[in-house]
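Report on the structure given below.
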Amino acid sequence: MLGLKSGTPPDARPRYLRMKIHIDGQLLDKEDAKISVFDHGLLYGDGVFEGIRIYHGRIFRLNAHLKRLYESARSICMEIPISIEEMEKATLETVAANNLQDGYIRLVITRGVGSLGLNPFQCPRPGIIIIASTISLYPAERYEKGLNLITCATRRPTPAALSPQVKSLNYLNNVMAKIEAIQAGCEEGIMLNEQGYVAECTGDNVFVIKDGQVYTPPISAGGLDGITRQAVIEILGQLGIRCTEKMMTRHDLFTADECFLTGTAAEVIPAVQLDRRVIGSGKPGPVTAQVVAAFHELVKHDGTPVPYTA
Ligand code: PXG
């Protein structure tokens, strides 16, 4: 020891009440959940992840998240050492072990332990981490009044560098953009692609409403194919509101009647300013309110039930 004080005080709760974390097939107490400094997930951001919500005792669109996780892994030549069914079981067990009816699951698959050197083929086995906890991304007030956005100078990387569909452990591009937003006093930032078209936000997809119709950038603009985005497109269909994918510039946001963002952590949240310019009335609009209400209704029954634990 270098005489430094440890950052986290020991958990005073009895062992059975402590947060349990899944690592490589074992459920460990939070304090014991540790991985190697030689894991390439840490050394190179080499790995993939998913963020998933639990609402009212149901895991929202678990299968879609698992499919995306395995596709991200496949895209980076990483074979997850357990099947998708085993991953589903491990996820349900971790949620049950933490007695969560509402919360947030983080699945992390690292390249695994290797040597100092990029070569991923020297890492024999990917590491599996499942955290089931809670998340609150934006203050409650922002869901009432709407977010203020900026346009980030940091662009989404070209798909020729790395596919935006890979939810990799290297989120520095998004982190840099998030720093810009926060330093500008905003909560989220619009990210443009290399050509200057709107791709998405740092951790959310974006929708605008204009003359009663809804528009969102196509995935080919460089955003993640968001699972909340997909759910909202379905909701809009059920509400009889037309939703069109369209390449957009900042002009389309400045001139929109309403704007909202979607994401696992954010859910559906209104945005009322971009670059200090007011969008529409400057208040969350009626179409956004309808979508928010329908989304809250959807998450009550659309999901895999969490197994009961006494
Ligand atoms: N774009 C990006 C770049 C994302 O990372 C979304 C859009 C929305 O996709 P889903 O499938 O979640 O609707 C994401 C996902 C966080 C956090 O801590 C962000 C995400 C996931 C988990 C945590 O901000 N974003």
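In the structure tokens, each chain is lettered A, B, ... as it comes, each chain's residues begin at 1, and ligands are numbered from 1 in order of appearance.
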
| task | Identify, on the basis of only C-alpha atoms, every residue whose closest approach to region 263-272 of chain A does not exceed 10 Å; exclude the query and any residue fewer than 5 positions from it along the same chain; express the result as a PyMOL selection string. | result | chain A and resi 50-53+60+103-104+134-138+142-149+187-188+201+203-208+226-229+232+253-254+257-258+277-285+288-289+291-293+295-296

| request: as an NGL selection string, list the residues of region 172-293 of chain A assigned to strand (DSSP E) by DSSP on the backbone atoms of this structure. | output: :A and (188-192 or 198-201 or 205-210 or 213-216 or 243-245 or 258-263 or 267-274 or 277-278)

Those same residues - N, CA, C and O atoms - I'd like them written as a short mmCIF file (atom, residue, chain, number, x, y, z; two decimals), in the first residue's frame.
data_model
loop_
_atom_site.label_atom_id
_atom_site.label_comp_id
_atom_site.auth_asym_id
_atom_site.auth_seq_id
_atom_site.Cartn_x
_atom_site.Cartn_y
_atom_site.Cartn_z
N GLU A 188 -27.33 16.81 -23.44
CA GLU A 188 -27.04 15.89 -24.56
C GLU A 188 -26.57 16.71 -25.75
O GLU A 188 -26.76 17.93 -25.79
N GLY A 189 -25.96 16.01 -26.69
CA GLY A 189 -25.46 16.69 -27.87
C GLY A 189 -25.84 15.94 -29.13
O GLY A 189 -25.89 14.71 -29.15
N ILE A 190 -26.15 16.71 -30.17
CA ILE A 190 -26.40 16.12 -31.49
C ILE A 190 -25.05 15.83 -32.13
O ILE A 190 -24.15 16.68 -32.12
N MET A 191 -24.91 14.62 -32.67
CA MET A 191 -23.68 14.27 -33.37
C MET A 191 -23.97 14.15 -34.87
O MET A 191 -24.93 13.48 -35.28
N LEU A 192 -23.14 14.83 -35.65
CA LEU A 192 -23.28 14.78 -37.10
C LEU A 192 -22.33 13.73 -37.65
O LEU A 192 -21.33 13.40 -37.01
N VAL A 198 -27.29 14.81 -39.57
CA VAL A 198 -27.55 14.38 -38.19
C VAL A 198 -27.50 12.85 -38.13
O VAL A 198 -28.20 12.17 -38.91
N ALA A 199 -26.67 12.32 -37.23
CA ALA A 199 -26.59 10.86 -37.06
C ALA A 199 -27.43 10.43 -35.85
O ALA A 199 -28.33 9.60 -35.96
N GLU A 200 -27.14 11.03 -34.68
CA GLU A 200 -27.81 10.64 -33.44
C GLU A 200 -27.27 11.55 -32.33
O GLU A 200 -26.62 12.56 -32.62
N CYS A 201 -27.53 11.19 -31.07
CA CYS A 201 -26.93 11.92 -29.95
C CYS A 201 -25.82 11.04 -29.36
O CYS A 201 -25.52 9.97 -29.88
N ASN A 205 -30.97 8.12 -29.75
CA ASN A 205 -31.39 8.44 -31.13
C ASN A 205 -32.30 9.67 -31.08
O ASN A 205 -32.82 10.03 -30.04
N VAL A 206 -32.49 10.29 -32.26
CA VAL A 206 -33.24 11.55 -32.29
C VAL A 206 -34.41 11.47 -33.27
O VAL A 206 -34.31 10.84 -34.34
N PHE A 207 -35.53 12.09 -32.88
CA PHE A 207 -36.73 12.20 -33.73
C PHE A 207 -37.17 13.66 -33.74
O PHE A 207 -37.02 14.37 -32.73
N VAL A 208 -37.75 14.11 -34.88
CA VAL A 208 -38.40 15.43 -34.90
C VAL A 208 -39.82 15.28 -35.41
O VAL A 208 -40.15 14.32 -36.12
N ILE A 209 -40.65 16.26 -35.05
CA ILE A 209 -42.03 16.29 -35.52
C ILE A 209 -42.21 17.59 -36.29
O ILE A 209 -41.81 18.66 -35.81
N LYS A 210 -42.80 17.45 -37.49
CA LYS A 210 -43.03 18.64 -38.33
C LYS A 210 -44.36 18.45 -39.04
O LYS A 210 -44.55 17.43 -39.74
N GLN A 213 -46.12 15.06 -38.78
CA GLN A 213 -45.39 13.85 -39.17
C GLN A 213 -44.08 13.75 -38.39
O GLN A 213 -43.52 14.78 -38.00
N VAL A 214 -43.62 12.51 -38.23
CA VAL A 214 -42.40 12.29 -37.45
C VAL A 214 -41.28 11.87 -38.40
O VAL A 214 -41.51 11.11 -39.35
N TYR A 215 -40.10 12.37 -38.12
CA TYR A 215 -38.93 12.03 -38.95
C TYR A 215 -37.77 11.63 -38.04
O TYR A 215 -37.60 12.17 -36.95
N THR A 216 -36.97 10.68 -38.51
CA THR A 216 -35.75 10.29 -37.79
C THR A 216 -34.68 9.95 -38.83
O THR A 216 -35.02 9.48 -39.92
N CYS A 243 -44.25 7.97 -39.66
CA CYS A 243 -42.84 8.18 -39.30
C CYS A 243 -41.97 7.83 -40.51
O CYS A 243 -42.07 6.74 -41.06
N THR A 244 -41.14 8.77 -40.90
CA THR A 244 -40.32 8.60 -42.10
C THR A 244 -38.85 8.76 -41.73
O THR A 244 -38.50 9.65 -40.96
N GLU A 245 -38.02 7.89 -42.30
CA GLU A 245 -36.58 8.05 -42.13
C GLU A 245 -36.09 9.04 -43.18
O GLU A 245 -36.42 8.91 -44.36
N GLU A 258 -41.45 19.85 -32.84
CA GLU A 258 -41.09 19.15 -31.60
C GLU A 258 -39.87 18.29 -31.89
O GLU A 258 -39.61 17.95 -33.05
N CYS A 259 -39.20 17.92 -30.82
CA CYS A 259 -38.06 17.01 -30.94
C CYS A 259 -38.03 16.13 -29.69
O CYS A 259 -38.35 16.60 -28.59
N PHE A 260 -37.70 14.87 -29.86
CA PHE A 260 -37.48 14.02 -28.69
C PHE A 260 -36.36 13.03 -28.96
O PHE A 260 -36.03 12.77 -30.13
N LEU A 261 -35.78 12.51 -27.89
CA LEU A 261 -34.69 11.54 -27.99
C LEU A 261 -35.15 10.21 -27.41
O LEU A 261 -36.03 10.17 -26.54
N THR A 262 -34.54 9.13 -27.89
CA THR A 262 -34.87 7.80 -27.37
C THR A 262 -33.60 7.04 -27.02
O THR A 262 -32.59 7.16 -27.72
N GLY A 263 -33.64 6.28 -25.95
CA GLY A 263 -32.50 5.45 -25.58
C GLY A 263 -32.87 4.60 -24.38
O GLY A 263 -33.80 4.94 -23.64
N GLU A 267 -34.96 6.63 -22.02
CA GLU A 267 -36.34 6.29 -22.41
C GLU A 267 -36.75 7.22 -23.56
O GLU A 267 -36.02 7.31 -24.53
N VAL A 268 -37.90 7.92 -23.42
CA VAL A 268 -38.28 8.91 -24.44
C VAL A 268 -38.30 10.25 -23.73
O VAL A 268 -39.00 10.40 -22.73
N ILE A 269 -37.51 11.19 -24.22
CA ILE A 269 -37.38 12.47 -23.50
C ILE A 269 -37.44 13.64 -24.50
O ILE A 269 -36.79 13.60 -25.54
N PRO A 270 -38.24 14.68 -24.17
CA PRO A 270 -38.32 15.81 -25.08
C PRO A 270 -37.03 16.63 -25.11
O PRO A 270 -36.31 16.68 -24.11
N ALA A 271 -36.75 17.26 -26.25
CA ALA A 271 -35.64 18.23 -26.36
C ALA A 271 -36.24 19.53 -26.87
O ALA A 271 -37.05 19.51 -27.81
N VAL A 272 -35.89 20.64 -26.24
CA VAL A 272 -36.58 21.91 -26.54
C VAL A 272 -35.66 23.02 -27.04
O VAL A 272 -36.15 24.09 -27.43
N GLN A 273 -34.36 22.77 -26.99
CA GLN A 273 -33.43 23.77 -27.53
C GLN A 273 -32.27 23.07 -28.23
O GLN A 273 -31.83 22.02 -27.78
N LEU A 274 -31.79 23.69 -29.29
CA LEU A 274 -30.55 23.23 -29.91
C LEU A 274 -29.67 24.46 -30.14
O LEU A 274 -30.10 25.42 -30.79
N ARG A 277 -31.04 27.79 -29.51
CA ARG A 277 -32.21 28.20 -30.30
C ARG A 277 -33.39 27.34 -29.87
O ARG A 277 -33.26 26.12 -29.70
N VAL A 278 -34.53 27.98 -29.73
CA VAL A 278 -35.73 27.28 -29.26
C VAL A 278 -36.29 26.40 -30.39
O VAL A 278 -36.38 26.83 -31.53
#

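Distance check against Leu118 (chain A) using only C-alpha atoms: of A:Asp102, A:Asp46, A:Glu234, A:Asp211, the minimum falls on A:Asp46.
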
| field | Per-residue DSSP, region 47-79 of chain A, filtered to helix (DSSP H, G or I), as a PyMOL selection string | value | chain A and resi 62-75

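Distance annotation: of A:Ala64, A:Met247, A:Val287, A:Cys77, the residue with the minimal separation from ligand 1 is A:Ala64; atom set is only C-alpha atoms and all ligand atoms.
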
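Distances to ligand 1 were evaluated for A:Glu79, A:Asp225, A:Asp252, A:Asp29 using only C-alpha atoms and all ligand atoms, and the minimum falls at A:Asp225.
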
| request: Excluding Ala73 (chain A) and any residue of its chain fewer than 6 positions from it, enumerate the residues within 8 Å of it, using only C-alpha atoms, and give them as a PyMOL selection string. | output: chain A and resi 47-48+79-80+166

Since we have the selection now, will you write its residues out, keeping C-alpha atoms, as a compact mmCIF listing (two decimals), in the first residue's frame?
# COMPACT_ATOMS: atom_id res chain seq x y z
CA GLY A 47 -15.04 -5.81 -26.24
CA VAL A 48 -18.75 -5.13 -26.52
CA GLU A 79 -16.85 -15.58 -29.98
CA ILE A 80 -18.83 -15.27 -26.75
CA VAL A 166 -20.86 -2.24 -32.86
